[in-house]
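Visitor: Here it is, the structure, as structure tokens.
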Amino acid sequence: MRIHKNYSIELVMKLSFIKTSLVLTIFLSLILSSCFLPESKASKYYVSSTEGSDQNDGTTKNPFQTLEKVNNLNLLPGDSVFFKCGDRFMGHLLLNESGNQNSPIVITSYGIGNKPIISGAVGPDKGGDYQEAILIENVSHYILENLEIQNERKHRRKGVEDKDSYGIRVQNSGKETIRGFEMRNLDFNNIYGVIPIQKREKFNKILVSGIRFESTKNTVVGEEKNIQDVLVEKCNFTNLQRLGIHIVHKGGAEGIGTDSTNRNKNLIFRNNTFYKIGGTCILPVGTYNCLIENNVFDYPGDNSDPRMPGRGSAVWTLRCINTVIQFNKSLHARGYLDSHGIHIDHENVDTFIQYNYMEDCEGGFVEILRGNINAVYRFNISVNDGWRDNPNKTNSNHTIWIPKWVVEGDTIYSQDSYIYNNTIVIDKPFETAITINSIRTNIYNNIFYSLEGTIGGKETRIRTNDSEFFISNNIFHGSINKNLIKRDSNPILADPNFNNPKSGSKFGFQLKKSSPAINSGSNKMGPAIPGAGEGVFRNVPAYPKVDFFGNPVDFSSGQINIGACNSKKGEIVNEEN
């Protein structure tokens with residue numbers, strides 16, 4: 001410090017101290033004042049089509065009236081929009097502002113009565129029916145709940161494909177990831193494209209769905225995008241032309257993005273009910289870390305409406321990485337192709353189908369198509385799956401189907417398939433096929449039980465392509481194709497002694513204490529679930545710790561049962577427990 005000749009050192013130090021104290025005082029006062037500033041208050045808007053007016057202030061006593069008014073609200077993080085129960089809102093709800101992780105924007109209902117209906121089917125007088133009832137595009141952090149969504153399109157709209165119709169569409173066509181979408185307690189009903197009847201050859205072009213999550217193709221380095229952190233739970237889907245939930249990422253151009261950035265990521269679909277869907281209930285295309293659990297899939301592939309294509313496994317995956325499908329019921333799948341309980345389509349990696357109950361699925365039980373790695377079916381129960389009689393295909397119904405595929409002259413196989421600890425039952429007079437043409441297939445610890453029909457009776461054809469084929473420790477009882485039994489290195493030909501196989505319930509396939517299945521299985525470990533214990537799989541162990549009924553499982557001990565039940569002393573779990 002430079003000292004003026006007329007100032008004493010003591011005076012200079014005193015002035016310096018005063019200056020420093022003043023600065024600190026101002027700084028602290030700014031901090032303290034900011035702590036006590038009132039937080040920005042989240043707004044609540046109420047909307048009633050029967051009692052409201054867009055000239056109102058949007059309160060419960062004076063609600064707005066239309067979707068158009070909501071579209072112009074400029075919603076902020078933490079804001080909520082309430083639609084009145086019992087009302088119907090026709091139009092196009094556009095959600096184009098973002099919430100944030102701590103303060104999502106909430107779209108919900110108020111009042112007493114039926115859930116409010118939002119429908120994009122506005123008719124010809126308003127330019128034709130919209131592509132979707134609700135559009136969320138390039139924005140993040142929304143909760144949608146307690147609404148009914150419809151969109152039965154009958155009138156064409158300029159710029160919209162006649163074949164398209166969605167209830168809710170979440171679209172990422174921007175330059176960065178969007179995230180944070182929760183949808184719960186929503187009803188999706190009566191969603192159809194304008195085209196009245198869909199021919200079979202047009203099946204894959206029918207994209208009508210209750211919810212569609214779509215990311216466009218990544219084409220620019222540094223602008224890779226996807227949709228992340230999705231939860232759909234406790235929703236009901238019925239009377240939909242083809243799909244319940246459709247998740248799509250268009251991938252990346254050559255050299256652009258990675259396996260995870262070119263897929264929609266971290267998705268959970270649980271505790272939902274699907275009934276009479278014209279195609280597949282949940283169709284993930286290009287996902288990374290997807291959990292599908294505790295859903296009921298009843299009559300996928302339905303054709304009760306002539307506009308439905310009538311073909312669909314309950315779930316099928318396409319080019320997905322890290323997928324767990326567990327604790328679901330897949331019932332009465334219908335269709336002229338596919339239509340297994342749950343099937344693994346093309347080019348998936350690490351797909352785990354476990355703890356599911358499948359019954360009366362027309363196509364069959366296991367379907368693993370081309371180019372899959374680590375496709376796993378374990379601890380499932382399959383009852384009377386695979387009864388389809390297609391005169392154009394001698395083997396269109398399968399207990400197990402893992403075919404090769406030829407694409408542009410290249411032969412493509414699935415590799416490292418695991419089918420173990422399943423209980424497979426047929427007690428009706430039909431024959432299935434077992435067709436395997438793959439690399440490194442493992443079939444062990446399964447119960448094949450057929451008292452009236454024949455498992456593998458239509459065809460049992462196994463081609464290993466000079467790779468290891470591990471088939472061992474399976475129980476065979478009843479009419480089973482001998483070509484399958486001969487392949488088993490340690491077959492057990494015996495009645496598994498189910499507790500009550502004619503009960504009509506999955507609980508009847510537990511084991512009596514006299515069962516030869518007890519402790520007779522191989523302790524061969526299948527692959528681990530990548531990411532187990534973290535993220536969307538935080539409650540999913542890497543390896544099975546329980547059986548289908550919740551009994552403990554420990555492969556390392558070597559005391560493993562055959563089949564989906566690992567009880568040791570005839571312990572019985574029932575629906576009341």
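Residues in the structure tokens are named by chain (A, B, ... in the order shown) and by number from 1 within that chain; ligands are numbered from 1 in the order shown.
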Could you list, as a list in words, every residue within 8 Å of Asn421 in chain A, counting only C-alpha atoms and ignoring same-chain residues fewer than 2 positions away?
Guide: Arg378, Phe379, Asn380, Ile419, Thr423, Tyr444, Asn445, Asn446, Ile447, Asn561, Ile562, Gly563 and Ala564 of chain A
Visitor: Please save all heavy atoms of the selected residues as an mmCIF file, in the first residue's frame.
Guide:
```cif
data_model
loop_
_atom_site.group_PDB
_atom_site.id
_atom_site.type_symbol
_atom_site.label_atom_id
_atom_site.label_comp_id
_atom_site.auth_asym_id
_atom_site.auth_seq_id
_atom_site.Cartn_x
_atom_site.Cartn_y
_atom_site.Cartn_z
ATOM 1 N N ARG A 378 -36.636 -67.205 -18.685
ATOM 2 C CA ARG A 378 -36.412 -67.990 -17.478
ATOM 3 C C ARG A 378 -37.515 -67.734 -16.444
ATOM 4 O O ARG A 378 -38.060 -66.644 -16.342
ATOM 5 C CB ARG A 378 -35.043 -67.669 -16.872
ATOM 6 C CG ARG A 378 -34.856 -66.236 -16.412
ATOM 7 C CD ARG A 378 -33.406 -65.967 -16.059
ATOM 8 N NE ARG A 378 -33.200 -64.612 -15.583
ATOM 9 C CZ ARG A 378 -31.998 -64.030 -15.463
ATOM 10 N NH1 ARG A 378 -30.909 -64.701 -15.789
ATOM 11 N NH2 ARG A 378 -31.888 -62.795 -15.012
ATOM 12 N N PHE A 379 -37.856 -68.797 -15.721
ATOM 13 C CA PHE A 379 -38.853 -68.751 -14.652
ATOM 14 C C PHE A 379 -40.201 -68.199 -15.133
ATOM 15 O O PHE A 379 -40.857 -67.418 -14.448
ATOM 16 C CB PHE A 379 -38.325 -67.956 -13.455
ATOM 17 C CG PHE A 379 -37.216 -68.663 -12.718
ATOM 18 C CD1 PHE A 379 -35.891 -68.295 -12.911
ATOM 19 C CD2 PHE A 379 -37.482 -69.723 -11.865
ATOM 20 C CE1 PHE A 379 -34.860 -68.962 -12.263
ATOM 21 C CE2 PHE A 379 -36.454 -70.388 -11.211
ATOM 22 C CZ PHE A 379 -35.143 -70.017 -11.401
ATOM 23 N N ASN A 380 -40.597 -68.607 -16.336
ATOM 24 C CA ASN A 380 -41.919 -68.288 -16.854
ATOM 25 C C ASN A 380 -42.805 -69.536 -16.807
ATOM 26 O O ASN A 380 -42.306 -70.665 -16.778
ATOM 27 C CB ASN A 380 -41.820 -67.811 -18.306
ATOM 28 C CG ASN A 380 -40.904 -66.615 -18.471
ATOM 29 O OD1 ASN A 380 -41.256 -65.493 -18.107
ATOM 30 N ND2 ASN A 380 -39.717 -66.828 -19.032
ATOM 31 N N ILE A 419 -32.898 -70.678 -22.426
ATOM 32 C CA ILE A 419 -34.274 -71.023 -22.085
ATOM 33 C C ILE A 419 -34.193 -71.991 -20.913
ATOM 34 O O ILE A 419 -33.841 -73.164 -21.088
ATOM 35 C CB ILE A 419 -34.994 -71.663 -23.289
ATOM 36 C CG1 ILE A 419 -34.985 -70.700 -24.485
ATOM 37 C CG2 ILE A 419 -36.423 -72.047 -22.923
ATOM 38 C CD1 ILE A 419 -35.246 -71.368 -25.813
ATOM 39 N N THR A 423 -41.814 -73.587 -16.940
ATOM 40 C CA THR A 423 -42.809 -74.654 -16.886
ATOM 41 C C THR A 423 -43.732 -74.495 -18.088
ATOM 42 O O THR A 423 -44.407 -73.464 -18.215
ATOM 43 C CB THR A 423 -43.604 -74.602 -15.573
ATOM 44 O OG1 THR A 423 -42.716 -74.854 -14.478
ATOM 45 C CG2 THR A 423 -44.719 -75.627 -15.561
ATOM 46 N N TYR A 444 -32.372 -75.832 -20.563
ATOM 47 C CA TYR A 444 -32.165 -76.700 -19.406
ATOM 48 C C TYR A 444 -33.121 -76.325 -18.270
ATOM 49 O O TYR A 444 -33.682 -75.230 -18.226
ATOM 50 C CB TYR A 444 -30.712 -76.645 -18.923
ATOM 51 C CG TYR A 444 -30.178 -75.272 -18.555
ATOM 52 C CD1 TYR A 444 -30.144 -74.847 -17.236
ATOM 53 C CD2 TYR A 444 -29.688 -74.405 -19.531
ATOM 54 C CE1 TYR A 444 -29.647 -73.602 -16.890
ATOM 55 C CE2 TYR A 444 -29.188 -73.155 -19.202
ATOM 56 C CZ TYR A 444 -29.167 -72.754 -17.875
ATOM 57 O OH TYR A 444 -28.678 -71.508 -17.540
ATOM 58 N N ASN A 445 -33.331 -77.292 -17.381
ATOM 59 C CA ASN A 445 -34.160 -77.107 -16.184
ATOM 60 C C ASN A 445 -35.606 -76.732 -16.505
ATOM 61 O O ASN A 445 -36.265 -76.068 -15.701
ATOM 62 C CB ASN A 445 -33.571 -76.038 -15.256
ATOM 63 C CG ASN A 445 -32.226 -76.388 -14.669
ATOM 64 O OD1 ASN A 445 -31.701 -77.466 -14.936
ATOM 65 N ND2 ASN A 445 -31.657 -75.485 -13.882
ATOM 66 N N ASN A 446 -36.109 -77.140 -17.654
ATOM 67 C CA ASN A 446 -37.491 -76.854 -18.014
ATOM 68 C C ASN A 446 -38.368 -78.084 -17.787
ATOM 69 O O ASN A 446 -37.906 -79.224 -17.908
ATOM 70 C CB ASN A 446 -37.589 -76.437 -19.480
ATOM 71 C CG ASN A 446 -36.745 -75.224 -19.797
ATOM 72 O OD1 ASN A 446 -37.066 -74.112 -19.395
ATOM 73 N ND2 ASN A 446 -35.652 -75.436 -20.518
ATOM 74 N N ILE A 447 -39.632 -77.848 -17.485
ATOM 75 C CA ILE A 447 -40.620 -78.924 -17.453
ATOM 76 C C ILE A 447 -41.441 -78.836 -18.738
ATOM 77 O O ILE A 447 -42.088 -77.814 -19.005
ATOM 78 C CB ILE A 447 -41.543 -78.807 -16.234
ATOM 79 C CG1 ILE A 447 -40.752 -79.006 -14.939
ATOM 80 C CG2 ILE A 447 -42.676 -79.829 -16.322
ATOM 81 C CD1 ILE A 447 -41.574 -78.809 -13.674
ATOM 82 N N ASN A 561 -34.188 -76.549 -8.480
ATOM 83 C CA ASN A 561 -35.253 -77.394 -9.025
ATOM 84 C C ASN A 561 -35.315 -77.269 -10.536
ATOM 85 O O ASN A 561 -34.756 -76.336 -11.131
ATOM 86 C CB ASN A 561 -36.601 -76.981 -8.446
ATOM 87 C CG ASN A 561 -36.753 -77.310 -6.981
ATOM 88 O OD1 ASN A 561 -35.824 -77.816 -6.351
ATOM 89 N ND2 ASN A 561 -37.920 -77.020 -6.440
ATOM 90 N N ILE A 562 -36.042 -78.169 -11.132
ATOM 91 C CA ILE A 562 -36.409 -78.062 -12.544
ATOM 92 C C ILE A 562 -37.775 -77.380 -12.613
ATOM 93 O O ILE A 562 -38.665 -77.652 -11.811
ATOM 94 C CB ILE A 562 -36.445 -79.440 -13.208
ATOM 95 C CG1 ILE A 562 -35.040 -80.063 -13.208
ATOM 96 C CG2 ILE A 562 -36.985 -79.356 -14.623
ATOM 97 C CD1 ILE A 562 -35.001 -81.493 -13.694
ATOM 98 N N GLY A 563 -37.945 -76.492 -13.555
ATOM 99 C CA GLY A 563 -39.197 -75.767 -13.704
ATOM 100 C C GLY A 563 -39.171 -74.413 -13.034
ATOM 101 O O GLY A 563 -38.144 -73.956 -12.519
ATOM 102 N N ALA A 564 -40.341 -73.754 -13.011
ATOM 103 C CA ALA A 564 -40.447 -72.383 -12.510
ATOM 104 C C ALA A 564 -40.668 -72.307 -11.016
ATOM 105 O O ALA A 564 -40.703 -71.215 -10.453
ATOM 106 C CB ALA A 564 -41.577 -71.658 -13.235
#
```
Visitor: Tell me which protein, DNA and RNA residues are within 8 Å of Asn481 in chain A, counting only C-alpha atoms, leaving out same-chain ones fewer than 6 positions away, and put them as a PyMOL selection string.
Guide: chain A and resi 454-457+460
Visitor: Could you check the closest approach to Glu137 in chain A for each of A:Gly174, A:Pro309, A:Gly478, A:Gly113 and tell me which residue wins, using only C-alpha atoms?
Guide: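 When distances to Glu137 in chain A are compared using only C-alpha atoms, the smallest one comes from A:Gly174.
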Visitor: Quick one: of A:Ser438, A:Thr394, A:Asn236, A:Thr50, who's nearest to Ile368 in chain A, counting only C-alpha atoms?
Guide: A:Ser438
Visitor: Give one line per residue of range 143-218 of chain A that approaches range 278-281 of chain A to at most 10 Å, naming the two atoms of the closest pair and their distance in Å to one decimal, counting only C-alpha atoms; sort by chain then ascending residue number and deliver it as CSV.
Guide:
```
residue,atom,partner,partner_atom,distance
A:Phe203,CA,A:Gly279,CA,9.1
A:Ile206,CA,A:Gly279,CA,9.4
A:Leu207,CA,A:Gly279,CA,9.9
A:Val208,CA,A:Gly279,CA,9.6
A:Ser209,CA,A:Cys281,CA,9.0
A:Gly210,CA,A:Cys281,CA,9.4
```
Visitor: Pull C-alpha atoms from the residues just selected and write them as a PDB file, in the first residue's frame.
Guide:
```
ATOM      1  CA  PHE A 203     -49.283 -54.239 -41.135  1.00  0.00           C
ATOM      2  CA  ILE A 206     -49.900 -49.035 -39.116  1.00  0.00           C
ATOM      3  CA  LEU A 207     -48.435 -46.882 -36.347  1.00  0.00           C
ATOM      4  CA  VAL A 208     -51.620 -46.004 -34.480  1.00  0.00           C
ATOM      5  CA  SER A 209     -50.899 -46.045 -30.748  1.00  0.00           C
ATOM      6  CA  GLY A 210     -52.131 -44.822 -27.402  1.00  0.00           C
TER       7      GLY A 210
END
```
Visitor: Could you pull the residues within 6 Å of Asn348 in chain A, counting only C-alpha atoms, minus those fewer than 6 positions along the same chain, as a list of chain:residue names?
Guide: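 Residues near the query, excluding close chain neighbours: A:Arg319, A:Cys320, A:Ile321, A:Asn372.
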Visitor: For range 195-202 of chain A, please output as a PyMOL selection string all residues within 8 Å (counting only C-alpha atoms; exclusion window: fewer than 6 positions along the same chain).
Guide: chain A and resi 154+162-163+306-309
Visitor: What are the DSSP strand (DSSP E or B) residues of range 100-206 of chain A, as a ChimeraX atom specification?
Guide: /A:105-110,117-119,132-137,142-145,148-152,166-172,178-184,187-192
Visitor: Would you put the residues from that selection into a file with C-alpha atoms, as a PDB file, in the first residue's frame?
Guide:
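File produced: out19.pdb:
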```pdb
ATOM      1  CA  ILE A 105     -45.635 -29.126 -15.276  1.00  0.00           C
ATOM      2  CA  VAL A 106     -48.715 -31.133 -14.255  1.00  0.00           C
ATOM      3  CA  ILE A 107     -51.728 -31.861 -16.471  1.00  0.00           C
ATOM      4  CA  THR A 108     -54.533 -33.456 -14.451  1.00  0.00           C
ATOM      5  CA  SER A 109     -58.217 -33.284 -13.498  1.00  0.00           C
ATOM      6  CA  TYR A 110     -60.482 -31.814 -10.826  1.00  0.00           C
ATOM      7  CA  ILE A 117     -61.835 -36.758 -22.129  1.00  0.00           C
ATOM      8  CA  ILE A 118     -59.356 -35.096 -24.465  1.00  0.00           C
ATOM      9  CA  SER A 119     -59.843 -36.031 -28.111  1.00  0.00           C
ATOM     10  CA  GLU A 132     -52.834 -36.746 -31.867  1.00  0.00           C
ATOM     11  CA  ALA A 133     -54.919 -35.457 -29.001  1.00  0.00           C
ATOM     12  CA  ILE A 134     -51.875 -34.247 -27.022  1.00  0.00           C
ATOM     13  CA  LEU A 135     -48.501 -33.252 -28.495  1.00  0.00           C
ATOM     14  CA  ILE A 136     -45.376 -32.757 -26.369  1.00  0.00           C
ATOM     15  CA  GLU A 137     -42.505 -31.673 -28.621  1.00  0.00           C
ATOM     16  CA  TYR A 142     -44.255 -33.297 -17.477  1.00  0.00           C
ATOM     17  CA  ILE A 143     -46.698 -35.267 -15.353  1.00  0.00           C
ATOM     18  CA  LEU A 144     -49.966 -36.287 -16.992  1.00  0.00           C
ATOM     19  CA  GLU A 145     -52.564 -38.064 -14.855  1.00  0.00           C
ATOM     20  CA  GLU A 148     -59.020 -40.173 -20.679  1.00  0.00           C
ATOM     21  CA  ILE A 149     -57.448 -39.834 -24.109  1.00  0.00           C
ATOM     22  CA  GLN A 150     -59.278 -40.648 -27.343  1.00  0.00           C
ATOM     23  CA  ASN A 151     -58.671 -40.012 -31.026  1.00  0.00           C
ATOM     24  CA  GLU A 152     -60.966 -41.830 -33.405  1.00  0.00           C
ATOM     25  CA  TYR A 166     -52.093 -41.181 -31.516  1.00  0.00           C
ATOM     26  CA  GLY A 167     -53.443 -40.382 -28.102  1.00  0.00           C
ATOM     27  CA  ILE A 168     -50.305 -38.724 -26.718  1.00  0.00           C
ATOM     28  CA  ARG A 169     -47.225 -38.131 -28.869  1.00  0.00           C
ATOM     29  CA  VAL A 170     -43.911 -37.165 -27.279  1.00  0.00           C
ATOM     30  CA  GLN A 171     -41.612 -36.021 -30.065  1.00  0.00           C
ATOM     31  CA  ASN A 172     -37.928 -35.098 -29.983  1.00  0.00           C
ATOM     32  CA  ILE A 178     -35.587 -34.249 -23.531  1.00  0.00           C
ATOM     33  CA  ARG A 179     -36.457 -36.042 -20.305  1.00  0.00           C
ATOM     34  CA  GLY A 180     -38.748 -36.511 -17.369  1.00  0.00           C
ATOM     35  CA  PHE A 181     -42.170 -37.792 -18.493  1.00  0.00           C
ATOM     36  CA  GLU A 182     -44.539 -39.417 -16.012  1.00  0.00           C
ATOM     37  CA  MET A 183     -47.933 -40.674 -17.102  1.00  0.00           C
ATOM     38  CA  ARG A 184     -50.205 -42.383 -14.614  1.00  0.00           C
ATOM     39  CA  ASP A 187     -57.266 -44.206 -19.917  1.00  0.00           C
ATOM     40  CA  PHE A 188     -56.622 -44.639 -23.645  1.00  0.00           C
ATOM     41  CA  ASN A 189     -59.633 -45.642 -25.682  1.00  0.00           C
ATOM     42  CA  ASN A 190     -60.953 -45.605 -29.232  1.00  0.00           C
ATOM     43  CA  ILE A 191     -57.859 -44.536 -31.178  1.00  0.00           C
ATOM     44  CA  TYR A 192     -57.947 -45.235 -34.940  1.00  0.00           C
TER      45      TYR A 192
END
```
Visitor: Have a look at A:Ile112, A:Ala494, A:Ile518, A:Leu369 and name the one nearest to Ile400 in chain A; count only C-alpha atoms.
Guide: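 So, comparing all the options, the nearest one is A:Leu369.
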Visitor: From the DSSP assignment of the backbone, select every residue of range 301-528 of chain A that is helix (DSSP H, G or I), and format the answer as a list in words.
Guide: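 Matching residues, listed in order: Lys482, Asn483, Leu484, Ile485, Lys486, Arg487, Lys506, Phe507, Gly508 and Phe509 of chain A.
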Visitor: Need the shell around range 500-509 of chain A: protein/DNA/RNA residues with any atom at most 8 Å away, counting only C-alpha atoms. Skip same-chain ones fewer than 3 positions apart. Format as JSON, numbers by chain?
Guide: {"A": [357, 381, 423, 565, 573, 574, 575]}
Visitor: Which residues are near Val540 in chain A? Cut-off 12 Å, only C-alpha atoms, ignore same chain within fewer than 4 positions. Put them as a ChimeraX atom specification.
Guide: /A:289-293,323-327,352,354,528-536,544-546
Visitor: Which polymer residues have any atom within 9 Å of an atom of Asn271 in chain A, counting only C-alpha atoms, with same-chain residues fewer than 4 positions away left out, as a PyMOL selection string?
Guide: chain A and resi 232-235+292-296+328
Visitor: Measuring between only C-alpha atoms, which one of A:His343, A:Lys513, A:Arg270, A:Arg157 shows the shortest distance to Glu367 in chain A?
Guide: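 Closest residue, counting only C-alpha atoms: A:His343.
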Visitor: I'd like the interatomic distance between CA of Asn442 in chain A and CA of Ile471 in chain A, to a tenth of an Å.
Guide: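 So the answer is 5.8 Å.
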Visitor: For Ser313 in chain A, which residue out of A:Lys175, A:Arg487, A:His332, A:Arg370 is the nearest one, using only C-alpha atoms?
Guide: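 Residue with the minimum atom-to-atom distance to Ser313 in chain A: A:His332.
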